[in-house]
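Structure data follow from entry.cif (mmCIF, C-alpha atoms):
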data_my_file
loop_
_atom_site.group_PDB
_atom_site.id
_atom_site.type_symbol
_atom_site.label_atom_id
_atom_site.label_comp_id
_atom_site.auth_asym_id
_atom_site.auth_seq_id
_atom_site.Cartn_x
_atom_site.Cartn_y
_atom_site.Cartn_z
ATOM 1 C CA MET B 1 0.000 0.000 0.000
ATOM 2 C CA LEU B 2 2.807 2.446 0.847
ATOM 3 C CA SER B 3 5.116 1.618 -2.068
ATOM 4 C CA PRO B 4 4.684 5.089 -3.636
ATOM 5 C CA PHE B 5 5.684 6.739 -0.340
ATOM 6 C CA VAL B 6 8.337 4.672 1.491
ATOM 7 C CA GLN B 7 11.952 5.828 1.439
ATOM 8 C CA CYS B 8 15.076 4.312 2.943
ATOM 9 C CA GLY B 9 16.259 6.047 6.115
ATOM 10 C CA LYS B 10 19.895 5.239 5.265
ATOM 11 C CA CYS B 11 20.253 6.302 1.626
ATOM 12 C CA ASN B 12 16.923 8.067 0.906
ATOM 13 C CA ALA B 13 16.163 5.754 -2.060
ATOM 14 C CA ARG B 14 12.567 4.839 -2.868
ATOM 15 C CA MET B 15 11.849 1.482 -1.234
ATOM 16 C CA VAL B 16 9.885 -1.231 -3.037
ATOM 17 C CA GLY B 17 7.246 -3.709 -1.970
ATOM 18 C CA SER B 18 8.463 -7.281 -1.903
ATOM 19 C CA TRP B 19 8.070 -10.442 0.181
ATOM 20 C CA ARG B 20 10.080 -13.009 2.103
ATOM 21 C CA ARG B 21 9.397 -16.296 3.888
ATOM 22 C CA ASP B 22 8.985 -16.095 7.659
ATOM 23 C CA GLN B 23 11.578 -18.488 9.101
ATOM 24 C CA ARG B 24 9.282 -19.694 11.880
ATOM 25 C CA THR B 25 5.917 -20.023 10.120
ATOM 26 C CA LYS B 26 7.194 -20.513 6.541
ATOM 27 C CA GLN B 27 4.442 -18.091 5.495
ATOM 28 C CA ARG B 28 4.933 -15.444 2.855
ATOM 29 C CA VAL B 29 5.345 -12.002 4.503
ATOM 30 C CA GLU B 30 5.066 -8.707 2.618
ATOM 31 C CA ILE B 31 7.961 -6.298 3.214
ATOM 32 C CA TYR B 32 9.299 -2.938 2.136
ATOM 33 C CA ARG B 33 12.952 -3.128 1.172
ATOM 34 C CA CYS B 34 15.598 -0.781 -0.097
ATOM 35 C CA PRO B 35 16.755 -1.816 -3.581
ATOM 36 C CA SER B 36 20.288 -3.055 -4.221
ATOM 37 C CA LYS B 37 23.137 -0.658 -4.946
ATOM 38 C CA GLY B 38 22.852 -1.535 -8.642
ATOM 39 C CA GLN B 39 19.227 -0.360 -8.575
ATOM 40 C CA GLY B 40 19.963 2.952 -6.836
ATOM 41 C CA GLY B 41 19.584 1.919 -3.179
ATOM 42 C CA CYS B 42 21.781 0.545 -0.425
ATOM 43 C CA ALA B 43 19.881 -2.699 0.351
ATOM 44 C CA GLY B 44 20.365 -1.769 4.012
ATOM 45 C CA ILE B 45 16.763 -1.708 5.237
ATOM 46 C CA ALA B 46 13.882 -4.142 4.981
ATOM 47 C CA ARG B 47 10.786 -3.949 7.144
ATOM 48 C CA GLY B 48 7.602 -5.983 7.457
ATOM 49 C CA ALA B 49 4.879 -4.086 5.611
ATOM 50 C CA GLU B 50 1.938 -4.885 7.886
ATOM 51 C CA PRO B 51 2.989 -2.971 11.037
ATOM 52 C CA VAL B 52 4.159 0.004 8.939
ATOM 53 C CA ASP B 53 0.855 0.027 7.012
ATOM 54 C CA VAL B 54 -1.176 -0.150 10.239
ATOM 55 C CA TYR B 55 0.818 2.652 11.876
ATOM 56 C CA VAL B 56 0.743 4.993 8.872
ATOM 57 C CA THR B 57 -2.965 4.280 8.294
ATOM 58 C CA ALA B 58 -3.702 5.299 11.893
ATOM 59 C CA LEU B 59 -1.706 8.525 11.409
ATOM 60 C CA VAL B 60 -3.449 9.373 8.134
ATOM 61 C CA LEU B 61 -6.930 8.670 9.501
ATOM 62 C CA ALA B 62 -6.220 10.814 12.578
ATOM 63 C CA GLU B 63 -4.905 13.642 10.363
ATOM 64 C CA HIS B 64 -7.925 13.328 8.100
ATOM 65 C CA GLU B 65 -10.313 13.570 11.063
ATOM 66 C CA LYS B 66 -8.434 16.614 12.334
ATOM 67 C CA ILE B 67 -8.755 18.296 8.925
ATOM 68 C CA GLN B 68 -12.414 17.323 8.709
ATOM 69 C CA SER B 69 -13.097 18.934 12.087
ATOM 70 C CA GLN B 70 -11.356 22.121 10.887
ATOM 71 C CA ASN B 71 -13.237 22.207 7.580
ATOM 72 C CA SER B 72 -16.009 24.238 9.146
ATOM 73 C CA GLU B 73 -13.588 27.148 8.946
ATOM 74 C CA ASP B 74 -12.496 27.046 5.325
ATOM 75 C CA LEU B 75 -9.383 28.957 4.352
ATOM 76 C CA PRO B 76 -10.218 32.531 3.315
ATOM 77 C CA PRO B 77 -9.525 33.714 -0.240
ATOM 78 C CA TRP B 78 -5.862 34.231 -1.070
ATOM 79 C CA PRO B 79 -4.811 37.412 0.762
ATOM 80 C CA LYS B 80 -2.458 38.741 -1.950
ATOM 81 C CA GLN B 81 -4.943 38.847 -4.831
ATOM 82 C CA LYS B 82 -5.027 42.680 -4.794
ATOM 83 C CA GLU B 83 -1.207 42.774 -4.979
ATOM 84 C CA LEU B 84 -1.302 40.487 -8.040
ATOM 85 C CA ASP B 85 -4.046 42.563 -9.706
ATOM 86 C CA ASP B 86 -2.088 45.788 -9.053
ATOM 87 C CA GLU B 87 1.064 44.273 -10.541
ATOM 88 C CA ASP B 88 -0.876 43.200 -13.669
ATOM 89 C CA LYS B 89 -2.248 46.752 -14.022
ATOM 90 C CA ARG B 90 1.274 48.225 -13.710
ATOM 91 C CA ILE B 91 2.477 45.960 -16.531
ATOM 92 C CA GLN B 92 -0.448 47.039 -18.737
ATOM 93 C CA GLU B 93 0.113 50.758 -17.958
ATOM 94 C CA SER B 94 3.846 50.452 -18.565
ATOM 95 C CA THR B 95 3.207 48.724 -21.895
ATOM 96 C CA ARG B 96 0.762 51.449 -22.978
ATOM 97 C CA GLU B 97 3.315 54.142 -22.067
ATOM 98 C CA TYR B 98 6.066 52.314 -24.010
ATOM 99 C CA GLU B 99 3.822 51.807 -27.060
ATOM 100 C CA ALA B 100 2.843 55.502 -26.964
ATOM 101 C CA GLY B 101 6.549 56.438 -27.055
ATOM 102 C CA ARG B 102 6.626 57.988 -23.568
ATOM 103 C CA TYR B 103 8.807 55.246 -22.141
ATOM 104 C CA SER B 104 12.243 54.286 -23.546
ATOM 105 C CA ALA B 105 13.123 50.672 -24.382
ATOM 106 C CA GLU B 106 16.102 50.907 -21.987
ATOM 107 C CA ARG B 107 13.716 51.579 -19.093
ATOM 108 C CA TYR B 108 10.752 49.490 -20.269
ATOM 109 C CA PHE B 109 12.280 46.044 -20.845
ATOM 110 C CA PRO B 110 14.263 45.731 -17.578
ATOM 111 C CA SER B 111 11.242 47.061 -15.670
ATOM 112 C CA LEU B 112 8.930 44.647 -17.501
ATOM 113 C CA ALA B 113 11.207 41.696 -16.663
ATOM 114 C CA ARG B 114 11.144 42.574 -12.937
ATOM 115 C CA MET B 115 7.357 43.027 -12.920
ATOM 116 C CA GLU B 116 6.762 39.769 -14.817
ATOM 117 C CA ALA B 117 9.016 37.883 -12.393
ATOM 118 C CA GLN B 118 7.009 39.306 -9.482
ATOM 119 C CA VAL B 119 3.717 38.321 -11.160
ATOM 120 C CA ALA B 120 5.020 34.801 -11.836
ATOM 121 C CA GLU B 121 6.030 34.389 -8.176
ATOM 122 C CA LEU B 122 2.653 35.678 -6.968
ATOM 123 C CA ARG B 123 0.817 33.289 -9.307
ATOM 124 C CA ARG B 124 2.878 30.333 -8.039
ATOM 125 C CA GLU B 125 2.021 31.346 -4.476
ATOM 126 C CA ALA B 126 -1.672 31.637 -5.411
ATOM 127 C CA ARG B 127 -1.665 28.131 -6.965
ATOM 128 C CA ARG B 128 -0.057 26.649 -3.822
ATOM 129 C CA TYR B 129 -2.667 28.388 -1.671
ATOM 130 C CA GLU B 130 -5.537 27.159 -3.872
ATOM 131 C CA ARG B 131 -4.192 23.583 -3.722
ATOM 132 C CA ARG B 132 -4.297 23.818 0.086
ATOM 133 C CA ARG B 133 -7.879 25.139 -0.047
ATOM 134 C CA ASP B 134 -8.917 22.410 -2.484
ATOM 135 C CA SER B 135 -7.310 19.638 -0.422
ATOM 136 C CA ARG B 136 -9.257 20.780 2.620
ATOM 137 C CA ARG B 137 -12.492 20.678 0.621
ATOM 138 C CA ALA B 138 -11.753 17.317 -1.008
ATOM 139 C CA VAL B 139 -11.637 15.320 2.214
ATOM 140 C CA VAL B 140 -13.679 12.134 2.009
ATOM 141 C CA ALA B 141 -16.436 12.148 4.611
ATOM 142 C CA ASN B 142 -16.017 9.312 7.124
ATOM 143 C CA LEU B 143 -12.739 8.060 5.663
ATOM 144 C CA ARG B 144 -12.321 5.650 8.581
ATOM 145 C CA GLU B 145 -15.573 3.878 7.623
ATOM 146 C CA GLU B 146 -14.737 3.866 3.914
ATOM 147 C CA TRP B 147 -11.226 2.521 4.550
ATOM 148 C CA GLU B 148 -12.497 -0.817 5.832
ATOM 149 C CA LYS B 149 -15.027 -1.416 3.050
ATOM 150 C CA PRO B 150 -14.014 -4.062 0.492
ATOM 151 C CA GLY B 151 -14.812 -1.675 -2.373
ATOM 152 C CA PHE B 152 -12.331 0.945 -1.130
ATOM 153 C CA THR B 153 -9.420 0.113 -3.440
ATOM 154 C CA ILE B 154 -5.692 0.362 -2.799
ATOM 155 C CA GLU B 155 -5.581 3.246 -5.272
ATOM 156 C CA GLN B 156 -8.200 5.132 -3.238
ATOM 157 C CA LYS B 157 -6.204 4.458 -0.061
ATOM 158 C CA GLN B 158 -3.035 5.724 -1.730
ATOM 159 C CA ALA B 159 -4.871 8.855 -2.923
ATOM 160 C CA ALA B 160 -6.107 9.491 0.631
ATOM 161 C CA ILE B 161 -2.575 8.993 1.972
ATOM 162 C CA ALA B 162 -1.193 11.369 -0.686
ATOM 163 C CA LYS B 163 -3.475 14.149 0.593
ATOM 164 C CA SER B 164 -1.650 13.964 3.935
ATOM 165 C CA LEU B 165 1.828 12.572 3.293
ATOM 166 C CA VAL B 166 4.626 13.211 0.827
ATOM 167 C CA ALA B 167 6.804 10.341 2.054
ATOM 168 C CA VAL B 168 7.298 7.785 4.811
ATOM 169 C CA VAL B 169 10.951 7.376 5.802
ATOM 170 C CA ILE B 170 11.772 3.971 7.290
ATOM 171 C CA GLY B 171 14.791 4.012 9.584
ATOM 172 C CA PRO B 172 17.065 1.148 10.565
ATOM 173 C CA ALA B 173 15.714 -1.427 13.022
ATOM 174 C CA ASN B 174 16.912 -1.505 16.591
ATOM 175 C CA LYS B 175 18.331 -4.670 18.113
ATOM 176 C CA GLY B 176 15.714 -7.391 18.154
ATOM 177 C CA ARG B 177 14.308 -6.146 14.811
ATOM 178 C CA GLN B 178 10.882 -5.480 16.318
ATOM 179 C CA PHE B 179 8.781 -2.755 14.806
ATOM 180 C CA HIS B 180 8.752 0.509 16.715
ATOM 181 C CA PRO B 181 7.028 3.755 15.627
ATOM 182 C CA ASP B 182 10.256 5.704 16.253
ATOM 183 C CA GLN B 183 11.695 3.961 13.193
ATOM 184 C CA ILE B 184 9.054 5.598 10.966
ATOM 185 C CA THR B 185 9.182 9.294 10.041
ATOM 186 C CA PRO B 186 6.128 10.592 8.189
ATOM 187 C CA VAL B 187 6.770 13.599 5.942
ATOM 188 C CA TRP B 188 3.538 15.617 6.030
ATOM 189 C CA ARG B 189 2.309 17.477 2.956
ATOM 190 C CA ASP B 190 1.552 20.749 4.772
ATOM 191 C CA ALA B 191 4.634 20.713 7.007
ATOM 192 C CA PRO B 192 5.994 24.249 7.611
#
As structure tokens, how would this structure be written, given the file I've shared?
Amino acid sequence: MLSPFVQCGKCNARMVGSWRRDQRTKQRVEIYRCPSKGQGGCAGIARGAEPVDVYVTALVLAEHEKIQSQNSEDLPPWPKQKELDDEDKRIQESTREYEAGRYSAERYFPSLARMEAQVAELRREARRYERRRDSRRAVVANLREEWEKPGFTIEQKQAAIAKSLVAVVIGPANKGRQFHPDQITPVWRDAP
């Protein structure tokens, strides 16, 4: 389930889903493992998938419920819209002045480049802000209930995880090789 998100805590390579035989039960056990050095990893970390999936699922569902409880107070419109509109107007006015011959090319083009760079940065900021607003609106109602339904596919689970997490870093195991939450570092999408 977490194959698109898991990264090796030693070399930062994308880990892959795989399996191995449990030595005691001889059962097939799903794992996440770092690929070999020839495949861009270090092959230094492998971890049973089930406890990692359960832990990360609990984190994502808790985050989702927190967001859902905050949805009553939607993010306000982007606060710098007036600044962007003013910058667009300055570009238009400057262009009219240049085309009318009241503004020299030596002054116009460097000024235009600075203004266009500012507009581009403001538009990028506006898109990031809108993505945050949209992600807050696109929360699935009662995700916890949906998660357990047979019709809720792995792709839907991965999409729900992607709304909260960018990555899940799996660190080396402590002695005894038992799973411990301290070995897992979630990288949240809206982290400051």
Skipping near chain neighbours, those fewer than 5 positions away, what residues fall within 8 Å of range 14-31 of chain B using only C-alpha atoms, listed as a ChimeraX atom specification? /B:3-8,41,46-50
For Leu165 in chain B: contacts at 7 Å, all atoms listed in the file, fewer than 2 positions along chain excluded, given as a compact mmCIF listing (two decimals) with C-alpha atoms, in the coordinates of the input:
# COMPACT_ATOMS: atom_id res chain seq x y z
CA ILE B 161 -2.58 8.99 1.97
CA ALA B 162 -1.19 11.37 -0.69
CA LYS B 163 -3.48 14.15 0.59
CA ALA B 167 6.80 10.34 2.05
CA PRO B 186 6.13 10.59 8.19
CA VAL B 187 6.77 13.60 5.94
CA TRP B 188 3.54 15.62 6.03
CA ARG B 189 2.31 17.48 2.96
Would you please work out which residue, of B:Ile170, B:Leu112, B:Ile91, B:Ala100, is nearest to Ala13 in chain B when using only C-alpha atoms? B:Ile170
To one decimal place in Å, what is the distance between CA of Tyr108 in chain B and CA of Ala126 in chain B? 26.3 Å
Go through B:Glu106, B:Asp86, B:Glu65, B:Asp190 one by one, measure the shortest atom-to-atom distance of each to Ser164 in chain B using only C-alpha atoms, and give the residue with the smallest value. B:Asp190
Proximity to Cys34 in chain B - best of B:Asp88, B:Arg133, B:Gly171, B:Glu145, all atoms listed in the file: B:Gly171
So how many Å separate CA of Ser36 in chain B and CA of Ala159 in chain B, to one decimal? 27.9 Å
N, CA and C atoms are what I want for range 104-137 of chain B; can you complete it accordingly and write them as a PDB file, in the frame of the given file?
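Once written, result01.pdb looks like this:
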ATOM      1  N   SER B 104      11.160  54.797 -22.692  1.00  0.00           N
ATOM      2  CA  SER B 104      12.243  54.286 -23.546  1.00  0.00           C
ATOM      3  C   SER B 104      12.382  52.769 -23.377  1.00  0.00           C
ATOM      4  N   ALA B 105      12.901  52.125 -24.423  1.00  0.00           N
ATOM      5  CA  ALA B 105      13.123  50.672 -24.382  1.00  0.00           C
ATOM      6  C   ALA B 105      14.099  50.307 -23.278  1.00  0.00           C
ATOM      7  N   GLU B 106      15.106  51.178 -23.030  1.00  0.00           N
ATOM      8  CA  GLU B 106      16.102  50.907 -21.987  1.00  0.00           C
ATOM      9  C   GLU B 106      15.462  50.844 -20.604  1.00  0.00           C
ATOM     10  N   ARG B 107      14.414  51.606 -20.385  1.00  0.00           N
ATOM     11  CA  ARG B 107      13.716  51.579 -19.093  1.00  0.00           C
ATOM     12  C   ARG B 107      12.604  50.523 -19.076  1.00  0.00           C
ATOM     13  N   TYR B 108      11.929  50.362 -20.219  1.00  0.00           N
ATOM     14  CA  TYR B 108      10.752  49.490 -20.269  1.00  0.00           C
ATOM     15  C   TYR B 108      11.099  48.020 -20.072  1.00  0.00           C
ATOM     16  N   PHE B 109      12.037  47.482 -20.864  1.00  0.00           N
ATOM     17  CA  PHE B 109      12.280  46.044 -20.845  1.00  0.00           C
ATOM     18  C   PHE B 109      12.844  45.539 -19.517  1.00  0.00           C
ATOM     19  N   PRO B 110      13.821  46.202 -18.902  1.00  0.00           N
ATOM     20  CA  PRO B 110      14.263  45.731 -17.578  1.00  0.00           C
ATOM     21  C   PRO B 110      13.135  45.821 -16.532  1.00  0.00           C
ATOM     22  N   SER B 111      12.361  46.892 -16.600  1.00  0.00           N
ATOM     23  CA  SER B 111      11.242  47.061 -15.670  1.00  0.00           C
ATOM     24  C   SER B 111      10.192  45.969 -15.898  1.00  0.00           C
ATOM     25  N   LEU B 112       9.895  45.686 -17.152  1.00  0.00           N
ATOM     26  CA  LEU B 112       8.930  44.647 -17.501  1.00  0.00           C
ATOM     27  C   LEU B 112       9.397  43.284 -16.975  1.00  0.00           C
ATOM     28  N   ALA B 113      10.675  42.973 -17.135  1.00  0.00           N
ATOM     29  CA  ALA B 113      11.207  41.696 -16.663  1.00  0.00           C
ATOM     30  C   ALA B 113      11.028  41.553 -15.150  1.00  0.00           C
ATOM     31  N   ARG B 114      11.315  42.621 -14.407  1.00  0.00           N
ATOM     32  CA  ARG B 114      11.144  42.574 -12.937  1.00  0.00           C
ATOM     33  C   ARG B 114       9.676  42.387 -12.562  1.00  0.00           C
ATOM     34  N   MET B 115       8.789  43.133 -13.233  1.00  0.00           N
ATOM     35  CA  MET B 115       7.357  43.027 -12.920  1.00  0.00           C
ATOM     36  C   MET B 115       6.807  41.645 -13.269  1.00  0.00           C
ATOM     37  N   GLU B 116       7.235  41.097 -14.420  1.00  0.00           N
ATOM     38  CA  GLU B 116       6.762  39.769 -14.817  1.00  0.00           C
ATOM     39  C   GLU B 116       7.270  38.689 -13.871  1.00  0.00           C
ATOM     40  N   ALA B 117       8.492  38.842 -13.377  1.00  0.00           N
ATOM     41  CA  ALA B 117       9.016  37.883 -12.393  1.00  0.00           C
ATOM     42  C   ALA B 117       8.197  37.932 -11.109  1.00  0.00           C
ATOM     43  N   GLN B 118       7.838  39.150 -10.686  1.00  0.00           N
ATOM     44  CA  GLN B 118       7.009  39.306  -9.482  1.00  0.00           C
ATOM     45  C   GLN B 118       5.633  38.678  -9.681  1.00  0.00           C
ATOM     46  N   VAL B 119       5.029  38.899 -10.852  1.00  0.00           N
ATOM     47  CA  VAL B 119       3.717  38.321 -11.160  1.00  0.00           C
ATOM     48  C   VAL B 119       3.807  36.793 -11.174  1.00  0.00           C
ATOM     49  N   ALA B 120       4.859  36.261 -11.777  1.00  0.00           N
ATOM     50  CA  ALA B 120       5.020  34.801 -11.836  1.00  0.00           C
ATOM     51  C   ALA B 120       5.124  34.211 -10.425  1.00  0.00           C
ATOM     52  N   GLU B 121       5.891  34.869  -9.550  1.00  0.00           N
ATOM     53  CA  GLU B 121       6.030  34.389  -8.176  1.00  0.00           C
ATOM     54  C   GLU B 121       4.692  34.468  -7.429  1.00  0.00           C
ATOM     55  N   LEU B 122       3.964  35.541  -7.614  1.00  0.00           N
ATOM     56  CA  LEU B 122       2.653  35.678  -6.968  1.00  0.00           C
ATOM     57  C   LEU B 122       1.677  34.622  -7.483  1.00  0.00           C
ATOM     58  N   ARG B 123       1.712  34.318  -8.755  1.00  0.00           N
ATOM     59  CA  ARG B 123       0.817  33.289  -9.307  1.00  0.00           C
ATOM     60  C   ARG B 123       1.176  31.900  -8.772  1.00  0.00           C
ATOM     61  N   ARG B 124       2.472  31.616  -8.631  1.00  0.00           N
ATOM     62  CA  ARG B 124       2.878  30.333  -8.039  1.00  0.00           C
ATOM     63  C   ARG B 124       2.357  30.230  -6.609  1.00  0.00           C
ATOM     64  N   GLU B 125       2.504  31.313  -5.854  1.00  0.00           N
ATOM     65  CA  GLU B 125       2.021  31.346  -4.476  1.00  0.00           C
ATOM     66  C   GLU B 125       0.500  31.151  -4.430  1.00  0.00           C
ATOM     67  N   ALA B 126      -0.206  31.775  -5.361  1.00  0.00           N
ATOM     68  CA  ALA B 126      -1.672  31.637  -5.411  1.00  0.00           C
ATOM     69  C   ALA B 126      -2.069  30.193  -5.717  1.00  0.00           C
ATOM     70  N   ARG B 127      -1.355  29.533  -6.643  1.00  0.00           N
ATOM     71  CA  ARG B 127      -1.665  28.131  -6.965  1.00  0.00           C
ATOM     72  C   ARG B 127      -1.426  27.227  -5.762  1.00  0.00           C
ATOM     73  N   ARG B 128      -0.319  27.452  -5.029  1.00  0.00           N
ATOM     74  CA  ARG B 128      -0.057  26.649  -3.822  1.00  0.00           C
ATOM     75  C   ARG B 128      -1.172  26.841  -2.808  1.00  0.00           C
ATOM     76  N   TYR B 129      -1.607  28.083  -2.627  1.00  0.00           N
ATOM     77  CA  TYR B 129      -2.667  28.388  -1.671  1.00  0.00           C
ATOM     78  C   TYR B 129      -3.983  27.718  -2.094  1.00  0.00           C
ATOM     79  N   GLU B 130      -4.302  27.777  -3.378  1.00  0.00           N
ATOM     80  CA  GLU B 130      -5.537  27.159  -3.872  1.00  0.00           C
ATOM     81  C   GLU B 130      -5.491  25.645  -3.717  1.00  0.00           C
ATOM     82  N   ARG B 131      -4.306  25.030  -3.928  1.00  0.00           N
ATOM     83  CA  ARG B 131      -4.192  23.583  -3.722  1.00  0.00           C
ATOM     84  C   ARG B 131      -4.490  23.227  -2.274  1.00  0.00           C
ATOM     85  N   ARG B 132      -4.000  24.051  -1.332  1.00  0.00           N
ATOM     86  CA  ARG B 132      -4.297  23.818   0.086  1.00  0.00           C
ATOM     87  C   ARG B 132      -5.789  23.939   0.347  1.00  0.00           C
ATOM     88  N   ARG B 133      -6.426  24.960  -0.230  1.00  0.00           N
ATOM     89  CA  ARG B 133      -7.879  25.139  -0.047  1.00  0.00           C
ATOM     90  C   ARG B 133      -8.630  23.951  -0.628  1.00  0.00           C
ATOM     91  N   ASP B 134      -8.229  23.529  -1.834  1.00  0.00           N
ATOM     92  CA  ASP B 134      -8.917  22.410  -2.484  1.00  0.00           C
ATOM     93  C   ASP B 134      -8.742  21.113  -1.708  1.00  0.00           C
ATOM     94  N   SER B 135      -7.537  20.880  -1.165  1.00  0.00           N
ATOM     95  CA  SER B 135      -7.310  19.638  -0.422  1.00  0.00           C
ATOM     96  C   SER B 135      -8.156  19.599   0.840  1.00  0.00           C
ATOM     97  N   ARG B 136      -8.399  20.748   1.438  1.00  0.00           N
ATOM     98  CA  ARG B 136      -9.257  20.780   2.620  1.00  0.00           C
ATOM     99  C   ARG B 136     -10.706  20.500   2.256  1.00  0.00           C
ATOM    100  N   ARG B 137     -11.114  20.912   1.050  1.00  0.00           N
ATOM    101  CA  ARG B 137     -12.492  20.678   0.621  1.00  0.00           C
ATOM    102  C   ARG B 137     -12.698  19.248   0.136  1.00  0.00           C
TER     103      ARG B 137
END
